[in-house]
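Presented below is the structure to which this report refers.
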Amino acid sequence: GHYAKSVHTAPGAPVAVHSSNDLEADQAGLLAALPQEILSHLELPLSELQRKEVTKIADNFELHPTLRPLLFGSCLPSIPKVNTWIEQRVPEILRREGEVMTLDGETVVGKHTGFHTVEYGSVWPAPGKEVLQIVSTGWRGKELKVAPVGYFKDKAIFIRDCVWGEGIDFTAPIKGFIHHAGGLSDCEVLVSPRTLGAAWIQLVEGEQEFPLGEMLTIFKRRGKNAKVVVTGVMFRLARHWAPNKISIEAKGQDGRETVELDKDFNF
C-alpha cells in the first residue's frame with residue numbers, strides 16, 4: 001500500500017527505488033532505506049496510481065478509510081493510538097520534561113514535555129512576536145534550545161545515515177533534485193559523498209530552510225518515476241554564530257581589536 005516503484009534493471013540485479021505517479025503522496029524515500037532482502041520481495045501495486053484513484057477504487061468496494069494527510073516520506077498516521085505506541089518505545093530519558101531556552105542559555109522561553117514531542121527545525125510558540133525554531137538539544141540537562149527562524153538558512157547541508165540507490169557512482173559529485181515539502185520541492189542539488197554513511201548536499205541556486213532531523217531524499221531527476229540517489233537524515237555541523245556576521249578578537253596595529261567576518265570568513 002505504499003506509493004513508490006521498485007525497478008529491477010536485470011534478473012537478479014539489485015532493486016532500485018523510483019518515485020511513484022503521485023509526487024504529493026510519494027513514499028520512495030521511505031522505502032529506499034529498506035535492505036535489498038526486503039526490496040527484492042516487495043510488490044507495490046499503487047505505484048502507477050494516484051491517491052485519488054486509489055480512494056475511488058476503495059469507494060467502489062464500499063471501503064471508506066479515514067482520510068488523513070499523507071506526509072512526504074511518512075508512514076504512520078499521527079493519531080493518539082499510534083502516538084502512544086511510539087511513546088512507549090522512546091527511551092525514558094528523552095520523555096522527561098525540561099526547559100526551552102535561547103541558544104545562549106540566558107533566557108527560558110517555556111517548557112517542553114519530552115524530546116519526542118518536537119523536531120529539529122520546528123517552530124516554537126514564543127510569547128513575543130519573534131518566531132523561534134528548535135535548533136539544538138541538550139538531553140543530559142533536558143533542555144531544548146531555540147533561535148530566530150533563519151539561523152540555519154544556508155546553501156548546503158550534511159545528511160547522515162545514508163542509504164544509497166543501486167548503481168550510484170561515488171567518484172564525482174552527483175546531480176540530483178529534492179522532492180520535499182516545506183519549500184524544497186524540485187530544488188537542484190549536487191551530492192558529494194564523504195563516506196558511505198554521510199554526504200554533503202549543496203544547493204545549486206538560492207538558500208533554503210532545511211527541516212533538521214527529518215529524512216531527506218535526493219532523486220536523479222525531477223518528476224515521476226525518478227530514481228532515488230540517496231536518503232539520509234538532515235543535520236548541520238556544529239556552528240555557534242549567526243548566519244551573517246561573527247566577531248572575533250585579532251591582533252592589530254593598536255593591539256588586540258575586534259574584527260567582523262562573514263560566515264565564509266571574508267573580511
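Starting from 1 in every chain, residues are counted up; chains themselves are A, B, ... following the order of the C-alpha cells, and ligands are numbered from 1 as listed.
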Find the residues around Val163 of chain A up to 6 Å (only C-alpha atoms counted), leave out those fewer than 5 positions away in its own chain, and share them as a list in words. Ala33, Val230 and Thr231 of chain A
Pairwise distance, atom CA of Ile159 of chain A with atom CA of Ser20 of chain A, equals 23.2 Å
Subject >> Residues of segment 44-155 of chain A in strand (DSSP E or B), written as a list in words >> reply: Gly98, Glu99, Val100, Met101, Thr102, Val108, Val109, Gly110, Lys111, His112, Val123, Trp124, Leu132, Gln133, Ile134, Val135, Ser136, Thr137, Gly138, Glu143, Leu144, Lys145, Val146, Ala147, Pro148 and Asp154 of chain A
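Across the structure, atom CA of Glu24 of chain A and atom CA of Arg51 of chain A are spaced 8.9 Å apart.
In this comparison, which uses only C-alpha atoms, the residue of A:Arg160, A:Lys155, A:Arg222, A:His179 approaching Leu203 of chain A most closely is A:Lys155.
Distances here use only C-alpha atoms; by that measure, the residue among A:Ala226, A:Leu103, A:Val118, A:Val233 closest to Ser6 of chain A is A:Ala226.
The interatomic distance for the pair atom CA of Asp104 of chain A and atom CA of Val146 of chain A works out to 9.2 Å.
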| task | List every residue of segment 78-182 of chain A that DSSP, applied to the backbone of this structure, assigns to alpha helix (DSSP H), and report them as a ChimeraX atom specification. | result | /A:80-87,92-95
With N, CA and C atoms retained, write the just-selected residues as a tab-separated table (two decimals), in the first residue's frame.
chain	number	residue	atom	x	y	z
A	80	PRO	N	-3.78	9.39	18.25
A	80	PRO	CA	-3.46	9.02	19.64
A	80	PRO	C	-2.96	7.59	19.81
A	81	LYS	N	-3.57	6.64	19.12
A	81	LYS	CA	-3.18	5.24	19.28
A	81	LYS	C	-1.73	5.02	18.83
A	82	VAL	N	-1.38	5.60	17.69
A	82	VAL	CA	-0.02	5.45	17.16
A	82	VAL	C	0.97	6.22	18.03
A	83	ASN	N	0.60	7.43	18.43
A	83	ASN	CA	1.49	8.23	19.27
A	83	ASN	C	1.80	7.53	20.59
A	84	THR	N	0.79	6.88	21.17
A	84	THR	CA	1.01	6.14	22.41
A	84	THR	C	1.96	4.97	22.18
A	85	TRP	N	1.80	4.28	21.06
A	85	TRP	CA	2.68	3.15	20.72
A	85	TRP	C	4.12	3.62	20.59
A	86	ILE	N	4.34	4.77	19.93
A	86	ILE	CA	5.69	5.30	19.76
A	86	ILE	C	6.26	5.73	21.10
A	87	GLU	N	5.45	6.42	21.91
A	87	GLU	CA	5.92	6.93	23.19
A	87	GLU	C	6.39	5.81	24.11
A	92	GLU	N	13.29	6.47	28.22
A	92	GLU	CA	12.71	7.30	29.29
A	92	GLU	C	13.41	8.65	29.41
A	93	ILE	N	14.72	8.68	29.17
A	93	ILE	CA	15.46	9.94	29.32
A	93	ILE	C	15.00	10.99	28.32
A	94	LEU	N	14.48	10.57	27.17
A	94	LEU	CA	14.01	11.52	26.16
A	94	LEU	C	12.56	11.95	26.40
A	95	ARG	N	11.88	11.28	27.31
A	95	ARG	CA	10.49	11.64	27.61
A	95	ARG	C	10.37	12.64	28.76
Hey, could you make a per-residue contact list for segment 110-174 of chain A against segment 186-194 of chain A with 7 Å as the cut-off, showing the nearest pair of atoms and its distance in Å to one decimal, counting only C-alpha atoms, sorted by chain and number, as a tab-separated table?
residue	atom	partner	partner_atom	distance
A:Phe170	CA	A:Pro193	CA	6.3
A:Pro173	CA	A:Ser192	CA	4.7
A:Ile174	CA	A:Val191	CA	4.9
